[in-house]
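K.L.:
Pasting my_file.cif here (mmCIF, C-alpha atoms):
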```cif
data_my_file
loop_
_atom_site.label_atom_id
_atom_site.label_comp_id
_atom_site.auth_asym_id
_atom_site.auth_seq_id
_atom_site.Cartn_x
_atom_site.Cartn_y
_atom_site.Cartn_z
CA MET A 15 14.63 7.55 -47.85
CA ASP A 16 13.05 4.91 -50.03
CA LEU A 17 9.62 3.36 -49.92
CA ILE A 18 10.64 0.33 -47.84
CA GLN A 19 11.96 2.51 -45.02
CA ILE A 20 8.84 4.69 -45.01
CA ALA A 21 6.64 1.59 -44.99
CA SER A 22 8.71 0.08 -42.14
CA ILE A 23 8.37 3.16 -39.94
CA LEU A 24 4.63 3.34 -40.63
CA GLY A 25 4.30 -0.37 -39.96
CA ALA A 26 6.16 -0.04 -36.64
CA ALA A 27 3.97 2.86 -35.50
CA LEU A 28 0.79 1.04 -36.53
CA ALA A 29 1.91 -2.19 -34.85
CA VAL A 30 2.50 -0.50 -31.50
CA SER A 31 -0.54 1.77 -31.58
CA PHE A 32 -3.12 -0.81 -32.65
CA GLY A 33 -1.41 -3.64 -30.81
CA ALA A 34 -1.78 -1.74 -27.53
CA ILE A 35 -5.57 -1.38 -27.81
CA GLY A 36 -6.52 -5.00 -27.28
CA PRO A 37 -4.25 -5.73 -24.29
CA ALA A 38 -5.25 -2.41 -22.69
CA LEU A 39 -8.94 -3.31 -22.84
CA GLY A 40 -8.21 -6.84 -21.67
CA GLU A 41 -6.09 -5.70 -18.73
CA GLY A 42 -8.77 -3.20 -17.71
CA ARG A 43 -11.39 -5.93 -17.65
CA ALA A 44 -9.10 -8.28 -15.73
CA VAL A 45 -8.26 -5.68 -13.06
CA ALA A 46 -11.91 -4.66 -12.73
CA ALA A 47 -12.94 -8.28 -12.23
CA ALA A 48 -10.19 -8.82 -9.66
CA MET A 49 -11.22 -5.65 -7.77
CA ASP A 50 -14.78 -6.89 -7.72
CA ALA A 51 -13.70 -10.28 -6.44
CA ILE A 52 -11.47 -8.77 -3.72
CA ALA A 53 -14.30 -6.46 -2.61
CA ARG A 54 -16.63 -9.44 -2.28
CA GLN A 55 -14.11 -11.73 -0.63
CA PRO A 56 -11.23 -9.79 0.97
CA GLU A 57 -9.75 -12.91 2.59
CA ALA A 58 -8.97 -14.34 -0.86
CA ALA A 59 -6.97 -11.24 -1.84
CA ASN A 60 -3.63 -13.08 -1.72
CA THR A 61 -4.53 -15.81 -4.19
CA LEU A 62 -6.46 -13.37 -6.34
CA SER A 63 -3.65 -10.87 -6.70
CA ARG A 64 -1.13 -13.59 -7.53
CA THR A 65 -3.40 -15.01 -10.21
CA LEU A 66 -4.09 -11.48 -11.43
CA PHE A 67 -0.37 -10.75 -11.79
CA VAL A 68 0.22 -13.89 -13.81
CA GLY A 69 -2.83 -13.21 -15.96
CA LEU A 70 -1.79 -9.60 -16.57
CA ALA A 71 1.65 -10.83 -17.62
CA MET A 72 0.02 -13.18 -20.11
CA ILE A 73 -2.18 -10.41 -21.54
CA GLU A 74 0.66 -7.92 -21.60
CA THR A 75 2.75 -10.31 -23.68
CA MET A 76 0.55 -9.52 -26.69
CA ALA A 77 1.49 -5.84 -26.48
CA ILE A 78 5.15 -6.79 -25.99
CA TYR A 79 5.02 -8.93 -29.15
CA CYS A 80 3.84 -5.86 -31.09
CA LEU A 81 6.69 -3.83 -29.56
CA VAL A 82 9.23 -6.46 -30.60
CA ILE A 83 7.82 -6.53 -34.14
CA ALA A 84 8.09 -2.74 -34.27
CA LEU A 85 11.71 -2.89 -33.06
CA LEU A 86 12.54 -5.57 -35.61
CA LEU A 87 11.07 -3.34 -38.33
CA LEU A 88 13.08 -0.36 -37.12
CA PHE A 89 16.43 -1.92 -36.18
CA ALA A 90 16.71 -5.39 -37.71
CA ASN A 91 14.71 -5.01 -40.91
CA PRO A 92 15.79 -7.72 -43.37
CA PHE A 93 14.69 -5.62 -46.37
CA VAL A 94 16.78 -2.55 -45.55
CA HIS A 95 20.53 -2.65 -46.08
CA MET B 22 20.11 7.92 -34.22
CA ILE B 23 19.56 5.73 -31.17
CA ALA B 24 21.62 2.55 -30.84
CA SER B 25 19.74 -0.63 -31.69
CA PRO B 26 18.47 -2.47 -28.59
CA LEU B 27 19.05 -5.78 -30.38
CA ALA B 28 22.81 -5.31 -30.70
CA ALA B 29 25.40 -5.53 -27.92
CA THR B 30 28.78 -3.81 -27.83
CA THR B 31 31.83 -6.04 -27.65
CA LEU B 32 34.08 -5.36 -24.69
CA PHE B 33 37.09 -7.58 -25.48
CA HIS B 34 37.94 -10.89 -27.10
CA LEU B 35 38.75 -14.02 -25.11
CA GLY B 36 40.39 -16.12 -27.80
CA PRO B 37 37.78 -16.49 -30.55
CA VAL B 38 34.89 -15.62 -28.20
CA ALA B 39 33.74 -12.03 -28.09
CA ILE B 40 32.84 -10.89 -24.56
CA THR B 41 30.06 -8.31 -24.73
CA VAL B 42 29.07 -5.76 -22.10
CA PRO B 43 25.95 -7.70 -20.94
CA VAL B 44 28.07 -10.83 -20.42
CA ALA B 45 30.55 -8.90 -18.28
CA THR B 46 27.68 -7.34 -16.28
CA THR B 47 26.18 -10.80 -15.79
CA TRP B 48 29.49 -12.08 -14.47
CA GLY B 49 29.63 -9.16 -12.07
CA ILE B 50 26.10 -9.86 -10.80
CA MET B 51 26.89 -13.59 -10.47
CA LEU B 52 30.04 -12.79 -8.53
CA GLY B 53 28.16 -10.38 -6.29
CA LEU B 54 25.30 -12.80 -5.59
CA ALA B 55 27.52 -15.83 -5.02
CA GLY B 56 30.06 -13.93 -2.93
CA GLY B 57 27.31 -12.19 -0.97
CA SER B 58 25.57 -15.48 -0.22
CA ARG B 59 28.87 -17.07 0.82
CA LEU B 60 29.69 -14.16 3.13
CA LEU B 61 26.21 -14.04 4.65
CA THR B 62 25.98 -17.80 5.31
CA ARG B 63 29.53 -18.14 6.65
CA ARG B 64 28.71 -18.34 10.34
CA LEU B 65 25.26 -19.83 10.75
CA ALA B 66 24.16 -20.43 14.33
CA LEU B 67 21.18 -21.99 16.05
CA HIS B 68 20.43 -18.69 17.75
CA PRO B 69 20.50 -16.40 14.71
CA SER B 70 22.14 -13.03 14.62
CA THR B 71 20.26 -10.10 13.08
CA ARG B 72 21.89 -10.76 9.73
CA GLN B 73 21.00 -14.43 9.73
CA ALA B 74 17.42 -13.70 10.85
CA ALA B 75 16.93 -11.26 7.96
CA LEU B 76 18.35 -13.82 5.55
CA GLU B 77 16.09 -16.56 6.89
CA LEU B 78 13.12 -14.21 6.51
CA ALA B 79 13.94 -13.71 2.81
CA VAL B 80 14.45 -17.43 2.14
CA ASP B 81 11.28 -18.25 4.04
CA ALA B 82 9.29 -15.67 2.05
CA ILE B 83 10.39 -17.29 -1.23
CA ALA B 84 9.65 -20.77 0.14
CA THR B 85 6.16 -19.65 1.21
CA GLN B 86 5.46 -18.26 -2.25
CA ILE B 87 6.59 -21.54 -3.84
CA ARG B 88 4.44 -23.56 -1.42
CA GLU B 89 1.36 -21.45 -2.08
CA THR B 90 1.78 -21.42 -5.86
CA MET B 91 2.82 -25.01 -6.43
CA ARG B 92 0.91 -26.62 -3.54
CA ALA B 93 3.97 -28.80 -2.89
CA ASP B 94 7.01 -29.02 -0.66
CA PRO B 95 9.24 -26.11 -1.75
CA ALA B 96 12.57 -27.80 -0.94
CA PRO B 97 13.40 -29.26 -4.41
CA TYR B 98 12.38 -26.05 -6.23
CA LEU B 99 13.79 -23.44 -3.87
CA PRO B 100 17.35 -23.34 -5.32
CA LEU B 101 16.21 -22.90 -8.92
CA ILE B 102 13.26 -20.55 -8.37
CA GLY B 103 15.02 -18.49 -5.71
CA THR B 104 18.12 -18.06 -7.83
CA LEU B 105 16.09 -17.12 -10.90
CA PHE B 106 14.13 -14.53 -8.93
CA LEU B 107 17.15 -13.03 -7.18
CA PHE B 108 19.25 -12.94 -10.35
CA ILE B 109 16.55 -11.28 -12.47
CA LEU B 110 15.74 -8.81 -9.69
CA THR B 111 19.40 -7.86 -9.28
CA ALA B 112 19.87 -7.65 -13.04
CA ASN B 113 16.80 -5.43 -13.48
CA TRP B 114 17.81 -3.15 -10.64
CA SER B 115 21.44 -2.96 -11.73
CA SER B 116 20.40 0.00 -13.91
CA LEU B 117 20.40 2.01 -10.67
CA LEU B 118 24.19 2.09 -10.81
CA PRO B 119 25.24 4.79 -13.27
CA GLY B 120 26.68 3.50 -16.54
CA ILE B 121 25.36 -0.03 -16.16
CA GLU B 122 22.70 -1.36 -18.45
CA PRO B 123 20.68 -4.32 -17.13
CA PRO B 124 21.80 -7.53 -18.89
CA THR B 125 18.15 -8.63 -19.04
CA ALA B 126 17.57 -5.79 -21.53
CA HIS B 127 19.41 -7.95 -24.08
CA LEU B 128 17.81 -10.86 -25.88
CA GLU B 129 20.66 -13.30 -25.20
CA THR B 130 20.48 -13.17 -21.39
CA ASP B 131 16.72 -13.70 -21.43
CA ALA B 132 17.10 -16.54 -23.92
CA ALA B 133 19.55 -18.25 -21.56
CA LEU B 134 17.16 -17.81 -18.59
CA ALA B 135 14.20 -19.14 -20.60
CA LEU B 136 16.33 -22.09 -21.73
CA ILE B 137 17.05 -22.94 -18.09
CA VAL B 138 13.29 -23.07 -17.40
CA PHE B 139 12.74 -25.04 -20.63
CA CYS B 140 15.23 -27.71 -19.46
CA ALA B 141 14.02 -27.65 -15.84
CA ILE B 142 10.45 -28.62 -16.80
CA PRO B 143 11.28 -32.15 -18.15
CA TRP B 144 13.91 -32.58 -15.40
CA PHE B 145 11.41 -32.06 -12.58
CA GLY B 146 8.67 -33.85 -14.51
CA ILE B 147 10.75 -37.00 -15.03
CA ARG B 148 12.09 -36.87 -11.49
CA THR B 149 8.69 -36.76 -9.82
CA ARG B 150 6.51 -38.76 -12.20
CA GLY B 151 8.96 -40.94 -14.14
CA LEU B 152 9.51 -40.87 -17.91
CA ARG B 153 6.14 -42.44 -18.72
CA GLY B 154 4.31 -40.13 -16.37
CA TYR B 155 6.04 -37.07 -17.83
CA LEU B 156 5.29 -38.08 -21.42
CA GLY B 157 1.73 -38.74 -20.28
CA THR B 158 1.30 -35.07 -19.38
CA PHE B 159 1.41 -34.21 -23.08
CA ALA B 160 -1.77 -36.22 -23.63
CA GLU B 161 -3.42 -34.85 -20.54
CA PRO B 162 -6.95 -33.70 -21.28
CA SER B 163 -7.10 -36.08 -24.26
CA LEU B 164 -4.85 -37.62 -26.90
CA LEU B 165 -6.01 -34.99 -29.40
CA MET B 166 -4.08 -32.33 -27.48
CA VAL B 167 -0.61 -33.83 -28.09
CA PRO B 168 0.41 -31.59 -31.03
CA LEU B 169 -0.96 -28.52 -29.27
CA ASN B 170 0.90 -29.35 -26.07
CA LEU B 171 4.12 -29.93 -28.01
CA VAL B 172 3.81 -26.52 -29.67
CA GLU B 173 2.95 -24.97 -26.31
CA THR B 174 6.25 -26.07 -24.74
CA LEU B 175 8.07 -24.01 -27.38
CA THR B 176 5.75 -21.00 -27.47
CA ARG B 177 5.59 -20.56 -23.70
CA THR B 178 9.39 -20.58 -23.51
CA PHE B 179 9.48 -18.02 -26.29
CA SER B 180 6.88 -15.83 -24.60
CA LEU B 181 8.82 -16.09 -21.32
CA LEU B 182 11.89 -14.74 -23.09
CA VAL B 183 10.13 -12.05 -25.09
CA ARG B 184 8.14 -10.83 -22.07
CA LEU B 185 11.20 -10.22 -19.90
CA PHE B 186 13.19 -8.75 -22.79
CA GLY B 187 10.39 -6.47 -23.96
CA ASN B 188 9.57 -5.11 -20.53
CA VAL B 189 13.11 -4.39 -19.36
CA MET B 190 14.35 -3.20 -22.75
CA SER B 191 11.40 -0.85 -23.28
CA GLY B 192 12.05 0.70 -19.88
CA VAL B 193 15.73 1.28 -20.67
CA PHE B 194 14.76 2.61 -24.09
CA VAL B 195 12.16 5.07 -22.80
CA ILE B 196 14.57 6.38 -20.14
CA GLY B 197 17.22 6.81 -22.84
CA ILE B 198 14.85 8.81 -25.05
CA VAL B 199 13.66 11.03 -22.17
CA LEU B 200 17.26 11.58 -21.07
CA SER B 201 18.18 12.76 -24.54
CA LEU B 202 15.26 15.24 -24.48
CA VAL B 203 15.39 16.57 -20.88
CA GLY B 204 18.33 15.58 -18.74
CA LEU B 205 17.48 16.95 -15.30
CA LEU B 206 15.04 15.29 -12.84
CA VAL B 207 12.43 14.45 -15.49
CA PRO B 208 13.59 10.81 -15.93
CA VAL B 209 13.47 10.16 -12.15
CA PRO B 210 9.77 9.13 -11.96
CA LEU B 211 10.26 6.96 -15.02
CA MET B 212 13.23 5.28 -13.33
CA ALA B 213 11.10 4.66 -10.24
CA LEU B 214 8.47 3.08 -12.46
CA GLU B 215 11.22 0.99 -14.03
CA LEU B 216 12.18 -0.31 -10.56
CA LEU B 217 8.59 -1.42 -10.02
CA THR B 218 8.47 -3.07 -13.45
CA GLY B 219 11.76 -4.84 -12.77
CA ALA B 220 10.51 -6.30 -9.49
CA VAL B 221 7.16 -7.33 -11.00
CA GLN B 222 8.84 -8.96 -13.99
CA ALA B 223 11.24 -10.92 -11.76
CA TYR B 224 8.26 -12.08 -9.70
CA ILE B 225 6.27 -13.02 -12.80
CA PHE B 226 9.18 -14.92 -14.34
CA ALA B 227 9.56 -16.95 -11.14
CA VAL B 228 5.80 -17.53 -10.80
CA LEU B 229 5.47 -18.65 -14.42
CA ALA B 230 8.43 -21.02 -14.03
CA MET B 231 6.67 -22.46 -10.95
CA VAL B 232 3.36 -22.78 -12.82
CA PHE B 233 5.00 -24.53 -15.77
CA ILE B 234 6.92 -26.92 -13.51
CA SER B 235 3.93 -27.72 -11.30
CA ALA B 236 1.88 -28.46 -14.44
CA VAL B 237 4.09 -31.51 -15.07
CA THR B 238 4.72 -32.54 -11.46
CA VAL B 239 1.23 -32.65 -9.91
CA PRO B 240 -0.46 -36.04 -10.21
CA PRO B 241 -3.37 -36.07 -12.68
CA ARG B 242 -6.64 -34.96 -11.17
CA PRO B 243 -9.72 -37.17 -11.06
CA PRO B 244 -11.73 -36.36 -14.20
CA ASP B 245 -14.80 -35.02 -12.36
CA LYS B 246 -12.99 -31.90 -11.05
CA GLU B 247 -11.75 -30.26 -14.22
CA SER B 248 -12.96 -26.73 -13.60
CA LYS B 249 -10.25 -26.04 -10.98
CA ALA B 250 -8.17 -22.88 -11.47
CA TRP B 251 -4.62 -23.47 -12.64
CA THR B 252 -2.70 -21.74 -9.88
#
```
Starting from the file, lay out its structure as C-alpha cells.

P.N.:
Amino acid sequence: MDLIQIASILGAALAVSFGAIGPALGEGRAVAAAMDAIARQPEAANTLSRTLFVGLAMIETMAIYCLVIALLLLFANPFVH
Amino acid sequence: MIASPLAATTLFHLGPVAITVPVATTWGIMLGLAGGSRLLTRRLALHPSTRQAALELAVDAIATQIRETMRADPAPYLPLIGTLFLFILTANWSSLLPGIEPPTAHLETDAALALIVFCAIPWFGIRTRGLRGYLGTFAEPSLLMVPLNLVETLTRTFSLLVRLFGNVMSGVFVIGIVLSLVGLLVPVPLMALELLTGAVQAYIFAVLAMVFISAVTVPPRPPDKESKAWT
C-alpha cells in the first residue's frame, strides 16, 4: 500500500467525520427553531414542517457532498491505478 | 472488498448499447407504474368504486401539496411532479424486493431525473411568462445577480442529483456493510429507516422541483414586500 492510498483513506475518513459536524449543528438549530415556532403557533405546523423539510434537505446536502468526495477518494481515485 | 457504488454491472448488450442492471430495473418500474395506472383508470365512473376513490384520494393529495407549495393551479404541474414523486418513491422502495437494488442508488438515474427538472424549469417559465419574462427572472433582485443566477441553475441541478444519489446510495451501502457483518435481523431496523429516507427524499425532490419551477413562474413581486419566505 503506497502513500497515495494511505492519504486517500485518511482523506476520506476526515472528509466524512469533519464534514458531518457543521450540518449536524445546523440541522439541530433548524429543528429547534421549528419546534419553537410550532409550539408558539400550532396552526402553522403544516407550512412550517414543509419548509423545515426543504431546509433540512438543503443543509444535509453539505454532508452528502462530503460523503461523495469520500467515495470518490475510495472508489474513483484518479491518482490510484 | 466492497463493490464500488459508482459502477454498474452490465446485464446484456443491445447492439452497441450496454444495458446495465439499474436500466433494466428502471424499465421494470416504468412498466409497473404505467401498466398499473392504465389498469386502475380503465373503468372510471361518476360514482366511484372503492378503487377509484382511493386513486382519486392519492391524486388529490399530490394536487393539494402542489397548490400549497406553488400557490398556483396544480393542473399544469401535476403530471410532471406526480410522476417524479411516484417514480422516485417506487424506485427507492424497490429495495424491499430481495435481489433488487434501487436504480436511484446509481448516479446515472439521478442525473436523468435532475436533467428532467433542469429542462422543465425554462419550459414552464417560458410558457407562463414568455421568453422575455423568463430571461428577466435571471436579473430579478438586480442586474448584478445575473452571473450568480446563471451559476445557480447549474449548481442546484447538481445538488438535486447528488442529494438523491447520496441519500439512497448511502442507505444501500450501510445495509450492505451490516449484512456482511451480521446477517440475521440486525439490518431490519436499518431497512425500516431506509424506507423512511426513501419516502422523505422522494418528497423533497418533488418539493424542490416545485420550488424551482414556481421561482420562474410567479409574477415578480412589488418591490416593497421582499422579506416574504420563499415557499

K.L.:
Show me a table, sorted first by chain and then by increasing residue number, of the residues of chain A having an atom at most 8 Å from chain B, each with its shortest atom pair and the distance in Å to one decimal, counting only C-alpha atoms and written as CSV.

P.N.:
```
residue,atom,partner,partner_atom,distance
A:Thr65,CA,B:Thr252,CA,6.8
A:Phe67,CA,B:Ile225,CA,7.1
A:Val68,CA,B:Ile225,CA,6.2
A:Ala71,CA,B:Ile225,CA,7.0
A:Thr75,CA,B:Arg184,CA,5.6
A:Ile78,CA,B:Gly187,CA,5.6
A:Tyr79,CA,B:Val183,CA,7.2
A:Leu81,CA,B:Gly187,CA,7.2
A:Val82,CA,B:Gly187,CA,6.7
A:Phe89,CA,B:Ser25,CA,5.7
A:Ala90,CA,B:Leu27,CA,7.7
```

K.L.:
For those residues, write C-alpha atoms to a file as an mmCIF file, in the frame of the given file.

P.N.:
```cif
data_model
loop_
_atom_site.group_PDB
_atom_site.id
_atom_site.type_symbol
_atom_site.label_atom_id
_atom_site.label_comp_id
_atom_site.auth_asym_id
_atom_site.auth_seq_id
_atom_site.Cartn_x
_atom_site.Cartn_y
_atom_site.Cartn_z
ATOM 1 C CA THR A 65 -3.400 -15.010 -10.210
ATOM 2 C CA PHE A 67 -0.370 -10.750 -11.790
ATOM 3 C CA VAL A 68 0.220 -13.890 -13.810
ATOM 4 C CA ALA A 71 1.650 -10.830 -17.620
ATOM 5 C CA THR A 75 2.750 -10.310 -23.680
ATOM 6 C CA ILE A 78 5.150 -6.790 -25.990
ATOM 7 C CA TYR A 79 5.020 -8.930 -29.150
ATOM 8 C CA LEU A 81 6.690 -3.830 -29.560
ATOM 9 C CA VAL A 82 9.230 -6.460 -30.600
ATOM 10 C CA PHE A 89 16.430 -1.920 -36.180
ATOM 11 C CA ALA A 90 16.710 -5.390 -37.710
#
```

K.L.:
Do you know which residues the PyMOL selection byres ((chain A and resi 22) around 12) returns on this file, as an MDAnalysis selection string?

P.N.:
chainID A and resid 15:21 23:29 83:94

K.L.:
I'd like the neighbourhood of Leu62 (chain A) as a PDB file with C-alpha atoms, in the coordinates of the input, where a residue qualifies if any of its atoms comes within 8 Å (using all atoms listed in the file), though same-chain residues fewer than 5 positions away should be ignored.

P.N.:
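Contents of selection-v1.pdb, freshly written:
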```
ATOM      1  CA  ALA A  48     -10.190  -8.820  -9.660  1.00  0.00           C
ATOM      2  CA  ALA A  51     -13.700 -10.280  -6.440  1.00  0.00           C
ATOM      3  CA  ILE A  52     -11.470  -8.770  -3.720  1.00  0.00           C
TER       4      ILE A  52
END
```

K.L.:
Can you spell out as a PyMOL selection string the set of residues that the PyMOL selection byres ((chain B and resi 111-115) around 9) selects in the structure I just provided?

P.N.:
chain B and resi 46-47+50+54+106-110+116-119+121-126+189+215-216+218-220+222-223

K.L.:
Written as a PyMOL selection string, which residues does the PyMOL selection byres ((chain B and resi 196) around 10) give for the file shown?

P.N.:
chain B and resi 190-195+197-202+207-212+215

K.L.:
What's the separation between CA of Arg64 (chain A) and CA of Pro100 (chain B), in Å to one decimal place?

P.N.:
21.0 Å

K.L.:
Separation of CA of Val45 (chain A) and CA of Thr178 (chain B), in Å?

P.N.:
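According to the coordinates, CA of Val45 (chain A) and CA of Thr178 (chain B) are separated by 25.4 Å.
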
K.L.:
Distance cut-off 6 Å, centre (-3.5, -5.9, -19.0) in file coordinates, counting all atoms listed in the file: which residues qualify? Return them as a PyMOL selection string.

P.N.:
chain A and resi 37-38+40-41+70+73-74

K.L.:
In the coordinate frame of the file, compute which residues have an atom within 12 Å of (33.5, -6.2, -18.2) when using all atoms listed in the file, and state them as a ChimeraX atom specification.

P.N.:
/B:30-35,39-50,120-122,124

K.L.:
Using all atoms listed in the file, which residue out of B:Leu61, B:Leu175, B:Ala55, B:Leu165 lies closest to Ala75 (chain B)?

P.N.:
B:Leu61

K.L.:
Return as lines of an AutoDock Vina configuration file the centre and edge lengths, in Å with one decimal, of the box along x, y and z that encloses every atom of region 129-143 of chain B in the file, padded by 8 Å per side.

P.N.:
```
center_x = 15.6
center_y = -22.7
center_z = -20.5
size_x = 26.2
size_y = 35.0
size_z = 25.4
```

K.L.:
One number please: CA of Asp131 (chain B) to CA of Leu182 (chain B), in Å, one decimal.

P.N.:
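Interatomic distance here is 5.2 Å.
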
K.L.:
So, counting all atoms listed in the file, which residue among A:Ala77, A:Asn60, A:Leu66, A:Ser31 is closest to Ala46 (chain A)?

P.N.:
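Of all the options, A:Leu66 lies closest to Ala46 (chain A).
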
K.L.:
I'd like the neighbourhood of Thr238 (chain B) as a PyMOL selection string, where a residue qualifies if any of its atoms comes within 12 Å (using all atoms listed in the file), though same-chain residues fewer than 4 positions away should be ignored.

P.N.:
chain B and resi 91-94+97-98+141-152+154-158+231-234+242
